[in-house]
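Below is one structure; the comments refer to it alone.
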Amino acid sequence: MKTRQIAFLAVSCSLVCGAARSADLVLEPERTEVLISAKATSPTRFAASELTNFLSRVFGRAVPVVKAPTPGRTQIVVGTNEWSAAEGLDPAALGKPDSFLIRATPERLYLCGEDGGCRWFEEVMANGRGGTGMLKGTRASLFAVYEFLERYADCRFYFPGELGEIVPKAERIAVPLGTTTHVPDLLIRRYYHPIEGGYHGEN
């Protein structure tokens, strides 16, 4: 009798676990692509390039960036665009700059934030040139990308460069269906240092 009870519990557990897994959007190599609008802003394009770079390293195979959905593939939609609008996503309604939404449906993943006002964004990020004034503006989709990579792909970013990154290999990434919203606690988050040199406090 005990053997039957154990077998019953094992089958029940497997059914429950299977049901939980069926409520995920599964991303797999060679079946996943990053989708952006043809009118995507510079910060959105940079967010997409970061996503495809790290996902390609996770999967060990290239994840393309496209401007129109490919039949038979799962799209990761980056930015606020015609597809996020059709899904009813409006990060501006969250009320604070840099807020973003992550939504997983059975067909697509949305990494959606407001992006704009960052001129020459890729050059500044790649080369560190142009001054911090170039980075003023909104780039919430980039934050959504990093949140996705950390939370669901187990990537870690300790300091700039590959030496400071942890990018584990995976054959699939499961994202629970549903929507999560991320709103900054503080409205203004900016480093300000008015003088050259070090700290001039008391010894």
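Naming scheme: A, B, ... for chains in displayed order of the structure tokens; residues 1 onward per chain; ligands 1 onward as shown.
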
Find the residues around Ala144 of chain A up to 10 Å (only C-alpha atoms counted), leave out those fewer than 4 positions away in its own chain, and share them as an NGL selection string.
:A and (47 or 51 or 78-79 or 98-102 or 110-113 or 139-140 or 148-150 or 181-182)

One-decimal distance in Å that lies between atom CA of Ala40 of chain A and atom CA of Asp115 of chain A
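Interatomic distance here is 8.8 Å.
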
Write out as a list in words which residues come within 7 Å of Thr105 of chain A when counting only C-alpha atoms, dropping same-chain ones fewer than 5 positions away.
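Answer for this query is Leu25, Leu177 and Gly178 of chain A.
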
What would the file look like if the residues just selected were written as a short mmCIF file (atom, residue, chain, number, x, y, z; two decimals), in the first residue's frame with N, CA, C and O atoms?
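Final output, part-v2.cif:
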data_model
loop_
_atom_site.label_atom_id
_atom_site.label_comp_id
_atom_site.auth_asym_id
_atom_site.auth_seq_id
_atom_site.Cartn_x
_atom_site.Cartn_y
_atom_site.Cartn_z
N LEU A 25 6.51 30.96 -21.12
CA LEU A 25 6.96 31.18 -22.49
C LEU A 25 8.39 30.66 -22.56
O LEU A 25 9.24 31.10 -21.77
N LEU A 177 4.31 33.33 -17.73
CA LEU A 177 3.34 34.18 -18.40
C LEU A 177 2.81 35.23 -17.44
O LEU A 177 2.63 34.97 -16.25
N GLY A 178 2.55 36.42 -17.97
CA GLY A 178 2.04 37.50 -17.14
C GLY A 178 2.87 38.77 -17.32
O GLY A 178 3.77 38.83 -18.15
#

Counting only C-alpha atoms, the option among A:Val145, A:Ala48, A:Ala174, A:Val63 closest to Glu30 of chain A:
A:Val63

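With atom CA of Val66 of chain A on one side and atom CA of Thr180 of chain A on the other, the separation reads 24.6 Å.
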
Find the distance between atom CA of Val58 of chain A and atom CA of Arg156 of chain A and write it in Å to one decimal.
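Distance between the two atoms: 11.9 Å.
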